[in-house]
$ cat coords-v9.cif   # mmCIF, N, CA and C atoms
data_final
loop_
_atom_site.label_atom_id
_atom_site.label_comp_id
_atom_site.auth_asym_id
_atom_site.auth_seq_id
_atom_site.Cartn_x
_atom_site.Cartn_y
_atom_site.Cartn_z
N MET A 1 67.98 140.43 222.05
CA MET A 1 67.13 141.28 221.23
C MET A 1 67.78 141.53 219.87
N ALA A 2 69.10 141.81 219.87
CA ALA A 2 69.80 142.04 218.60
C ALA A 2 69.78 140.78 217.75
N SER A 3 69.87 139.63 218.39
CA SER A 3 69.84 138.37 217.66
C SER A 3 68.48 138.16 216.98
N ILE A 4 67.40 138.48 217.68
CA ILE A 4 66.05 138.34 217.11
C ILE A 4 65.88 139.31 215.95
N MET A 5 66.40 140.52 216.09
CA MET A 5 66.31 141.51 215.00
C MET A 5 67.06 141.02 213.76
N ARG A 6 68.25 140.45 213.98
CA ARG A 6 69.03 139.94 212.84
C ARG A 6 68.30 138.80 212.16
N GLU A 7 67.74 137.88 212.94
CA GLU A 7 67.00 136.75 212.38
C GLU A 7 65.77 137.23 211.63
N SER A 8 65.06 138.19 212.18
CA SER A 8 63.88 138.75 211.50
C SER A 8 64.27 139.41 210.20
N PHE A 9 65.34 140.18 210.23
CA PHE A 9 65.82 140.85 209.02
C PHE A 9 66.19 139.81 207.97
N PHE A 10 66.88 138.74 208.38
CA PHE A 10 67.28 137.69 207.46
C PHE A 10 66.06 137.01 206.84
N VAL A 11 65.03 136.74 207.64
CA VAL A 11 63.81 136.10 207.13
C VAL A 11 63.12 137.01 206.12
N VAL A 12 63.01 138.30 206.44
CA VAL A 12 62.38 139.26 205.52
C VAL A 12 63.19 139.34 204.23
N LEU A 13 64.50 139.42 204.33
CA LEU A 13 65.37 139.48 203.15
C LEU A 13 65.25 138.22 202.31
N LEU A 14 65.23 137.07 202.96
CA LEU A 14 65.08 135.80 202.26
C LEU A 14 63.73 135.73 201.54
N PHE A 15 62.67 136.14 202.20
CA PHE A 15 61.34 136.15 201.60
C PHE A 15 61.29 137.08 200.39
N ALA A 16 61.87 138.27 200.51
CA ALA A 16 61.89 139.24 199.39
C ALA A 16 62.66 138.67 198.21
N CYS A 17 63.80 138.05 198.49
CA CYS A 17 64.59 137.46 197.40
C CYS A 17 63.83 136.32 196.75
N PHE A 18 63.22 135.46 197.56
CA PHE A 18 62.48 134.33 197.00
C PHE A 18 61.30 134.79 196.16
N SER A 19 60.58 135.79 196.62
CA SER A 19 59.42 136.26 195.84
C SER A 19 59.88 136.88 194.53
N GLN A 20 60.99 137.58 194.50
CA GLN A 20 61.52 138.13 193.25
C GLN A 20 61.99 137.01 192.34
N CYS A 21 62.72 136.04 192.89
CA CYS A 21 63.19 134.91 192.08
C CYS A 21 62.02 134.12 191.54
N THR A 22 61.01 133.90 192.37
CA THR A 22 59.84 133.15 191.95
C THR A 22 59.13 133.87 190.80
N GLN A 23 58.96 135.16 190.93
CA GLN A 23 58.28 135.92 189.88
C GLN A 23 59.05 135.83 188.58
N ALA A 24 60.36 135.94 188.64
CA ALA A 24 61.17 135.91 187.42
C ALA A 24 61.24 134.52 186.81
N GLN A 25 61.34 133.49 187.66
CA GLN A 25 61.59 132.15 187.15
C GLN A 25 60.33 131.39 186.76
N PHE A 26 59.17 131.78 187.24
CA PHE A 26 57.97 131.04 186.95
C PHE A 26 57.10 131.75 185.93
N ASN A 27 57.70 132.49 185.02
CA ASN A 27 56.94 133.16 183.97
C ASN A 27 56.14 132.13 183.19
N GLN A 28 54.94 132.53 182.79
CA GLN A 28 54.07 131.67 182.00
C GLN A 28 54.33 131.92 180.52
N TYR A 29 54.24 130.86 179.73
CA TYR A 29 54.44 130.95 178.28
C TYR A 29 53.34 130.18 177.56
N ASP A 30 52.90 130.71 176.46
CA ASP A 30 52.09 129.99 175.49
C ASP A 30 52.95 129.85 174.26
N ALA A 31 53.12 128.63 173.79
CA ALA A 31 53.93 128.38 172.59
C ALA A 31 53.02 127.86 171.48
N TYR A 32 53.33 128.28 170.27
CA TYR A 32 52.55 127.91 169.10
C TYR A 32 53.48 127.44 168.00
N ILE A 33 53.08 126.40 167.30
CA ILE A 33 53.70 126.00 166.04
C ILE A 33 52.60 126.20 165.00
N VAL A 34 52.88 127.03 163.99
CA VAL A 34 51.87 127.39 163.00
C VAL A 34 52.37 126.98 161.62
N ASN A 35 51.54 126.26 160.88
CA ASN A 35 51.88 125.86 159.52
C ASN A 35 51.57 127.03 158.59
N GLY A 36 52.62 127.71 158.15
CA GLY A 36 52.50 128.82 157.21
C GLY A 36 53.04 128.45 155.84
N LEU A 37 53.03 127.15 155.54
CA LEU A 37 53.52 126.69 154.24
C LEU A 37 52.51 127.03 153.15
N PRO A 38 52.94 127.00 151.89
CA PRO A 38 52.01 127.34 150.79
C PRO A 38 50.82 126.39 150.73
N ASP A 39 49.70 126.91 150.21
CA ASP A 39 48.51 126.07 150.01
C ASP A 39 48.89 124.84 149.19
N ASN A 40 48.19 123.75 149.44
CA ASN A 40 48.42 122.48 148.73
C ASN A 40 49.83 121.93 148.93
N SER A 41 50.45 122.27 150.04
CA SER A 41 51.78 121.74 150.36
C SER A 41 51.68 120.27 150.74
N GLN A 42 52.82 119.60 150.68
CA GLN A 42 52.88 118.24 151.16
C GLN A 42 52.65 118.23 152.66
N ASN A 43 52.52 117.04 153.22
CA ASN A 43 52.27 116.89 154.65
C ASN A 43 53.33 117.58 155.49
N PHE A 44 52.88 118.16 156.60
CA PHE A 44 53.78 118.79 157.57
C PHE A 44 53.52 118.15 158.93
N ARG A 45 54.60 117.72 159.58
CA ARG A 45 54.48 117.05 160.88
C ARG A 45 55.48 117.67 161.85
N ALA A 46 55.06 117.80 163.10
CA ALA A 46 55.93 118.30 164.16
C ALA A 46 55.83 117.38 165.37
N HIS A 47 56.96 117.07 165.95
CA HIS A 47 57.01 116.32 167.21
C HIS A 47 57.60 117.25 168.25
N ILE A 48 56.82 117.56 169.30
CA ILE A 48 57.24 118.51 170.33
C ILE A 48 57.49 117.73 171.62
N PHE A 49 58.62 118.02 172.28
CA PHE A 49 58.95 117.28 173.50
C PHE A 49 59.95 118.07 174.34
N SER A 50 60.00 117.70 175.62
CA SER A 50 61.00 118.23 176.54
C SER A 50 61.59 117.04 177.30
N GLY A 51 62.43 117.32 178.27
CA GLY A 51 62.96 116.23 179.08
C GLY A 51 61.89 115.59 179.95
N ASP A 52 60.82 116.33 180.23
CA ASP A 52 59.76 115.84 181.11
C ASP A 52 58.48 115.46 180.38
N ASP A 53 58.22 116.09 179.26
CA ASP A 53 56.93 115.93 178.58
C ASP A 53 57.13 115.61 177.10
N ASP A 54 56.36 114.66 176.61
CA ASP A 54 56.29 114.40 175.18
C ASP A 54 54.90 114.85 174.74
N LEU A 55 54.85 115.94 173.99
CA LEU A 55 53.57 116.49 173.56
C LEU A 55 53.05 115.83 172.29
N GLY A 56 53.79 114.87 171.77
CA GLY A 56 53.31 114.06 170.67
C GLY A 56 53.63 114.60 169.28
N TYR A 57 53.13 113.85 168.30
CA TYR A 57 53.27 114.19 166.89
C TYR A 57 52.02 114.92 166.44
N HIS A 58 52.20 115.96 165.64
CA HIS A 58 51.08 116.77 165.19
C HIS A 58 51.19 117.00 163.70
N ASP A 59 50.18 116.54 162.96
CA ASP A 59 50.09 116.77 161.52
C ASP A 59 49.23 118.01 161.33
N LEU A 60 49.86 119.09 160.88
CA LEU A 60 49.16 120.37 160.78
C LEU A 60 48.89 120.72 159.32
N LYS A 61 47.64 121.06 159.06
CA LYS A 61 47.27 121.55 157.73
C LYS A 61 47.71 123.01 157.62
N VAL A 62 47.72 123.54 156.41
CA VAL A 62 48.10 124.93 156.18
C VAL A 62 47.22 125.83 157.05
N ASN A 63 47.85 126.77 157.73
CA ASN A 63 47.24 127.74 158.65
C ASN A 63 46.74 127.13 159.95
N GLU A 64 46.96 125.84 160.16
CA GLU A 64 46.58 125.21 161.42
C GLU A 64 47.71 125.40 162.42
N LYS A 65 47.36 125.41 163.72
CA LYS A 65 48.39 125.60 164.74
C LYS A 65 48.24 124.60 165.88
N PHE A 66 49.36 124.34 166.53
CA PHE A 66 49.39 123.55 167.75
C PHE A 66 49.87 124.47 168.86
N ARG A 67 49.16 124.43 170.01
CA ARG A 67 49.47 125.32 171.13
C ARG A 67 49.69 124.51 172.39
N TRP A 68 50.67 124.94 173.21
CA TRP A 68 50.83 124.38 174.53
C TRP A 68 51.23 125.49 175.49
N HIS A 69 51.02 125.23 176.78
CA HIS A 69 51.22 126.22 177.83
C HIS A 69 52.15 125.63 178.88
N PHE A 70 53.07 126.45 179.38
CA PHE A 70 53.99 125.96 180.41
C PHE A 70 54.53 127.14 181.21
N ARG A 71 55.23 126.81 182.27
CA ARG A 71 55.92 127.81 183.10
C ARG A 71 57.41 127.50 183.07
N MET A 72 58.20 128.55 183.14
CA MET A 72 59.65 128.39 183.25
C MET A 72 59.94 127.75 184.61
N SER A 73 60.86 126.81 184.64
CA SER A 73 61.22 126.16 185.90
C SER A 73 61.92 127.15 186.84
N TYR A 74 61.95 126.80 188.10
CA TYR A 74 62.61 127.66 189.10
C TYR A 74 64.07 127.91 188.73
N PHE A 75 64.72 126.89 188.18
CA PHE A 75 66.14 127.02 187.84
C PHE A 75 66.38 127.61 186.45
N GLY A 76 65.31 127.90 185.72
CA GLY A 76 65.45 128.51 184.40
C GLY A 76 65.96 127.57 183.33
N ASN A 77 65.78 126.27 183.54
CA ASN A 77 66.33 125.30 182.59
C ASN A 77 65.26 124.59 181.75
N THR A 78 64.08 125.19 181.64
CA THR A 78 63.02 124.61 180.82
C THR A 78 63.44 124.64 179.35
N LYS A 79 63.29 123.49 178.68
CA LYS A 79 63.63 123.39 177.26
C LYS A 79 62.58 122.55 176.56
N PHE A 80 62.14 123.03 175.42
CA PHE A 80 61.28 122.25 174.53
C PHE A 80 61.97 122.16 173.18
N TYR A 81 61.91 120.99 172.60
CA TYR A 81 62.50 120.74 171.29
C TYR A 81 61.40 120.37 170.32
N ALA A 82 61.71 120.51 169.03
CA ALA A 82 60.77 120.07 168.00
C ALA A 82 61.56 119.45 166.86
N HIS A 83 60.98 118.42 166.32
CA HIS A 83 61.49 117.80 165.09
C HIS A 83 60.38 118.02 164.06
N PHE A 84 60.75 118.60 162.93
CA PHE A 84 59.79 118.94 161.89
C PHE A 84 60.08 118.13 160.63
N TRP A 85 59.02 117.73 159.94
CA TRP A 85 59.13 117.07 158.65
C TRP A 85 58.17 117.75 157.68
N TRP A 86 58.63 117.94 156.46
CA TRP A 86 57.77 118.50 155.42
C TRP A 86 57.97 117.67 154.16
N GLY A 87 56.93 116.95 153.79
CA GLY A 87 57.02 116.07 152.62
C GLY A 87 58.01 114.96 152.88
N ASN A 88 58.60 114.47 151.79
CA ASN A 88 59.51 113.34 151.89
C ASN A 88 60.98 113.73 151.99
N ASN A 89 61.30 115.01 151.81
CA ASN A 89 62.73 115.32 151.76
C ASN A 89 63.17 116.51 152.61
N LYS A 90 62.30 117.11 153.41
CA LYS A 90 62.71 118.24 154.25
C LYS A 90 62.46 117.91 155.71
N GLU A 91 63.43 118.26 156.56
CA GLU A 91 63.24 118.10 157.99
C GLU A 91 64.21 119.00 158.74
N ARG A 92 63.94 119.14 160.03
CA ARG A 92 64.80 119.97 160.88
C ARG A 92 64.44 119.71 162.34
N SER A 93 65.44 119.74 163.22
CA SER A 93 65.23 119.62 164.67
C SER A 93 65.99 120.75 165.36
N PHE A 94 65.35 121.36 166.37
CA PHE A 94 66.02 122.40 167.15
C PHE A 94 65.17 122.73 168.38
N ALA A 95 65.77 123.48 169.29
CA ALA A 95 65.05 123.93 170.49
C ALA A 95 64.07 125.02 170.09
N VAL A 96 62.81 124.86 170.48
CA VAL A 96 61.81 125.89 170.23
C VAL A 96 61.56 126.73 171.47
N PHE A 97 62.13 126.32 172.61
CA PHE A 97 62.12 127.15 173.80
C PHE A 97 63.26 126.72 174.71
N ASP A 98 64.03 127.70 175.19
CA ASP A 98 65.04 127.50 176.21
C ASP A 98 65.37 128.88 176.79
N LYS A 99 66.33 128.93 177.71
CA LYS A 99 66.63 130.20 178.38
C LYS A 99 67.15 131.26 177.41
N HIS A 100 67.69 130.85 176.27
CA HIS A 100 68.17 131.82 175.28
C HIS A 100 67.03 132.39 174.43
N LEU A 101 66.00 131.60 174.21
CA LEU A 101 64.84 132.05 173.43
C LEU A 101 63.81 132.77 174.30
N ALA A 102 63.83 132.55 175.60
CA ALA A 102 62.85 133.15 176.50
C ALA A 102 62.76 134.68 176.35
N PRO A 103 63.89 135.41 176.26
CA PRO A 103 63.77 136.87 176.11
C PRO A 103 63.11 137.28 174.79
N ILE A 104 63.29 136.48 173.75
CA ILE A 104 62.65 136.79 172.46
C ILE A 104 61.14 136.56 172.58
N CYS A 105 60.77 135.51 173.31
CA CYS A 105 59.36 135.15 173.45
C CYS A 105 58.62 136.03 174.44
N GLY A 106 59.31 136.63 175.35
CA GLY A 106 58.58 137.20 176.46
C GLY A 106 58.82 138.64 176.79
N GLU A 107 58.19 138.96 177.87
CA GLU A 107 58.31 140.25 178.51
C GLU A 107 58.00 141.41 177.59
N VAL A 108 56.85 141.33 176.94
CA VAL A 108 56.34 142.42 176.13
C VAL A 108 55.41 143.24 177.00
N GLY A 109 55.79 144.45 177.31
CA GLY A 109 54.96 145.27 178.18
C GLY A 109 54.78 144.60 179.52
N ASN A 110 53.57 144.56 179.99
CA ASN A 110 53.27 143.92 181.27
C ASN A 110 52.50 142.62 181.06
N ALA A 111 52.88 141.88 180.03
CA ALA A 111 52.16 140.64 179.70
C ALA A 111 52.24 139.65 180.86
N THR A 112 51.13 139.02 181.16
CA THR A 112 51.13 137.98 182.18
C THR A 112 51.50 136.64 181.57
N ILE A 113 51.27 136.51 180.27
CA ILE A 113 51.66 135.30 179.55
C ILE A 113 52.52 135.72 178.37
N ASN A 114 53.68 135.12 178.27
CA ASN A 114 54.60 135.40 177.18
C ASN A 114 54.30 134.46 176.01
N ILE A 115 54.54 134.91 174.81
CA ILE A 115 54.17 134.18 173.60
C ILE A 115 55.42 133.76 172.82
N CYS A 116 55.48 132.49 172.45
CA CYS A 116 56.48 131.98 171.50
C CYS A 116 55.70 131.51 170.28
N TRP A 117 55.69 132.31 169.25
CA TRP A 117 54.91 132.05 168.03
C TRP A 117 55.88 131.61 166.94
N TRP A 118 55.91 130.30 166.64
CA TRP A 118 56.76 129.76 165.59
C TRP A 118 55.94 129.61 164.32
N LEU A 119 56.34 130.33 163.28
CA LEU A 119 55.69 130.24 161.98
C LEU A 119 56.60 129.45 161.05
N VAL A 120 56.09 128.34 160.54
CA VAL A 120 56.86 127.47 159.65
C VAL A 120 56.51 127.86 158.22
N LYS A 121 57.54 128.28 157.48
CA LYS A 121 57.34 128.73 156.10
C LYS A 121 58.22 127.92 155.16
N LYS A 122 58.03 128.15 153.89
CA LYS A 122 58.77 127.42 152.85
C LYS A 122 60.28 127.59 153.00
N ASP A 123 60.71 128.79 153.41
CA ASP A 123 62.15 129.06 153.51
C ASP A 123 62.71 128.91 154.92
N GLY A 124 61.88 128.50 155.90
CA GLY A 124 62.43 128.28 157.23
C GLY A 124 61.45 128.53 158.35
N PHE A 125 62.01 128.80 159.52
CA PHE A 125 61.27 128.88 160.78
C PHE A 125 61.44 130.27 161.38
N TYR A 126 60.32 130.91 161.68
CA TYR A 126 60.32 132.28 162.17
C TYR A 126 59.71 132.34 163.56
N LEU A 127 60.24 133.24 164.39
CA LEU A 127 59.77 133.38 165.75
C LEU A 127 59.30 134.81 166.01
N ALA A 128 58.20 134.94 166.74
CA ALA A 128 57.70 136.25 167.18
C ALA A 128 57.14 136.10 168.58
N ASN A 129 56.91 137.23 169.24
CA ASN A 129 56.40 137.20 170.61
C ASN A 129 54.97 137.71 170.71
N LYS A 130 54.21 137.51 169.65
CA LYS A 130 52.79 137.86 169.69
C LYS A 130 52.01 136.95 168.77
N ILE A 131 50.72 136.83 169.07
CA ILE A 131 49.84 135.99 168.26
C ILE A 131 49.55 136.72 166.95
N ASP A 132 49.55 135.97 165.86
CA ASP A 132 49.31 136.52 164.52
C ASP A 132 50.17 137.76 164.25
N PRO A 133 51.50 137.62 164.33
CA PRO A 133 52.38 138.77 164.17
C PRO A 133 52.39 139.31 162.74
N ALA A 134 52.70 140.58 162.61
CA ALA A 134 52.92 141.19 161.30
C ALA A 134 54.26 140.67 160.77
N PRO A 135 54.45 140.68 159.45
CA PRO A 135 55.72 140.18 158.90
C PRO A 135 56.96 140.83 159.52
N GLY A 136 56.88 142.09 159.86
CA GLY A 136 58.03 142.78 160.45
C GLY A 136 58.35 142.33 161.87
N ASP A 137 57.42 141.63 162.51
CA ASP A 137 57.63 141.14 163.88
C ASP A 137 58.33 139.78 163.91
N LEU A 138 58.42 139.14 162.77
CA LEU A 138 58.98 137.79 162.69
C LEU A 138 60.49 137.83 162.51
N LYS A 139 61.18 136.96 163.24
CA LYS A 139 62.64 136.86 163.13
C LYS A 139 62.98 135.44 162.66
N LYS A 140 63.69 135.35 161.54
CA LYS A 140 64.06 134.02 161.03
C LYS A 140 65.11 133.41 161.96
N MET A 141 64.81 132.19 162.42
CA MET A 141 65.66 131.53 163.40
C MET A 141 66.32 130.26 162.87
N ASN A 142 65.74 129.67 161.83
CA ASN A 142 66.28 128.41 161.31
C ASN A 142 65.76 128.18 159.90
N TRP A 143 66.26 127.15 159.24
CA TRP A 143 65.89 126.86 157.86
C TRP A 143 65.74 125.34 157.73
N TRP A 144 65.10 124.95 156.65
CA TRP A 144 64.91 123.52 156.36
C TRP A 144 66.21 122.91 155.89
N LEU A 145 66.37 121.61 156.17
CA LEU A 145 67.47 120.82 155.62
C LEU A 145 66.86 119.75 154.73
N ASN A 146 67.52 119.44 153.63
CA ASN A 146 67.12 118.31 152.79
C ASN A 146 67.59 117.03 153.47
N LYS A 147 66.77 116.00 153.45
CA LYS A 147 67.17 114.73 154.07
C LYS A 147 68.46 114.20 153.47
N THR A 148 68.66 114.43 152.20
CA THR A 148 69.89 113.95 151.56
C THR A 148 71.10 114.69 152.09
N THR A 149 70.92 115.90 152.58
CA THR A 149 72.02 116.69 153.14
C THR A 149 72.42 116.17 154.51
N ILE A 150 71.46 115.69 155.28
CA ILE A 150 71.77 115.29 156.66
C ILE A 150 72.07 113.81 156.82
N MET A 151 71.93 113.02 155.79
CA MET A 151 72.21 111.58 155.91
C MET A 151 73.65 111.30 155.58
#

$ encode --input "coords-v9.cif" --output "structure tokens"
Amino acid sequence: MASIMRESFFVVLLFACFSQCTQAQFNQYDAYIVNGLPDNSQNFRAHIFSGDDDLGYHDLKVNEKFRWHFRMSYFGNTKFYAHFWWGNNKERSFAVFDKHLAPICGEVGNATINICWWLVKKDGFYLANKIDPAPGDLKKMNWWLNKTTIM
């Protein structure tokens, strides 16, 4: 009888742990890349990809956005990268989502979907955790590099 009680307790404990881990690790995210460059800017292109998915190349006009949806992996190792080009002489590559950016993108109130809103501007790349954020909600995360600087 004591053995059955211990096994039952272990199963309940395991189930409780798994459901908590599952809830934490499978958070949903909507990610956006938004062209916030000045009107009449040169072409802007973004290539979004992860180890599992290539979301392709996207030529975005001013104020146009690209959106994708995903869930954090069970192990918390979901990563998306982007390579950006602006005109003939500006570019940059960096992670647009990983376990370090997840807290910035998520867990606002009781949101069921967390937001990673990347706004691409003339002076760099800004991140916020809401759609159409106010300027004060944006955090500068990166800047453009000149192609001549990186070659």

$ atom_distance --input "coords-v9.cif" --atom1 "atom N of Leu145 in chain A" --atom2 "CA of Pro103 in chain A"
25.2 Å

$ residues_around --input "coords-v9.cif" --residues "Ser93 in chain A" --least-positions-apart "4" --cutoff "6 Å" --atoms "all atoms listed in the file" --output "NGL selection string"
:A and (82-84)

$ residues_around --input "coords-v9.cif" --residues "Ser50 in chain A" --least-positions-apart "5" --cutoff "6.5 Å" --atoms "only N, CA and C atoms" --output "PyMOL selection string"
chain A and resi 55+79-81

$ atom_distance --input "coords-v9.cif" --atom1 "CA of Met141 in chain A" --atom2 "CA of Asp98 in chain A"
13.4 Å

$ atom_distance --input "coords-v9.cif" --atom1 "CA of Met72 in chain A" --atom2 "CA of Gly51 in chain A"
13.3 Å

$ closest_residue --input "coords-v9.cif" --among "A:Val62, A:Ala102, A:Trp117, A:Glu91" --to "Pro38 in chain A" --atoms "all atoms listed in the file"
A:Val62

$ closest_residue --input "coords-v9.cif" --among "A:His58, A:His47, A:Lys121, A:Arg71" --to "Val96 in chain A" --atoms "only C-alpha atoms"
A:His47

$ residues_around --input "coords-v9.cif" --residues "range 63-70 of chain A" --least-positions-apart "5" --cutoff "9 Å" --atoms "only C-alpha atoms" --output "VMD selection string"
chain A and resid 27 to 37 39 55 58

$ resolve_selection --input "coords-v9.cif" --expression "the PyMOL selection byres ((chain A and resi 90) around 6.5)" --output "count of residues only"
12

$ residues_around --input "coords-v9.cif" --residues "Pro133 in chain A" --least-positions-apart "5" --cutoff "10 Å" --atoms "only C-alpha atoms" --output "PDB file with N, CA and C atoms, in the coordinates of the input"
ATOM      1  N   TRP A 117      55.690 132.310 169.250  1.00  0.00           N
ATOM      2  CA  TRP A 117      54.910 132.050 168.030  1.00  0.00           C
ATOM      3  C   TRP A 117      55.880 131.610 166.940  1.00  0.00           C
ATOM      4  N   LEU A 119      56.340 130.330 163.280  1.00  0.00           N
ATOM      5  CA  LEU A 119      55.690 130.240 161.980  1.00  0.00           C
ATOM      6  C   LEU A 119      56.600 129.450 161.050  1.00  0.00           C
ATOM      7  N   LEU A 127      60.240 133.240 164.390  1.00  0.00           N
ATOM      8  CA  LEU A 127      59.770 133.380 165.750  1.00  0.00           C
ATOM      9  C   LEU A 127      59.300 134.810 166.010  1.00  0.00           C
ATOM     10  N   ALA A 128      58.200 134.940 166.740  1.00  0.00           N
ATOM     11  CA  ALA A 128      57.700 136.250 167.180  1.00  0.00           C
ATOM     12  C   ALA A 128      57.140 136.100 168.580  1.00  0.00           C
ATOM     13  N   LEU A 138      58.420 139.140 162.770  1.00  0.00           N
ATOM     14  CA  LEU A 138      58.980 137.790 162.690  1.00  0.00           C
ATOM     15  C   LEU A 138      60.490 137.830 162.510  1.00  0.00           C
TER      16      LEU A 138
END
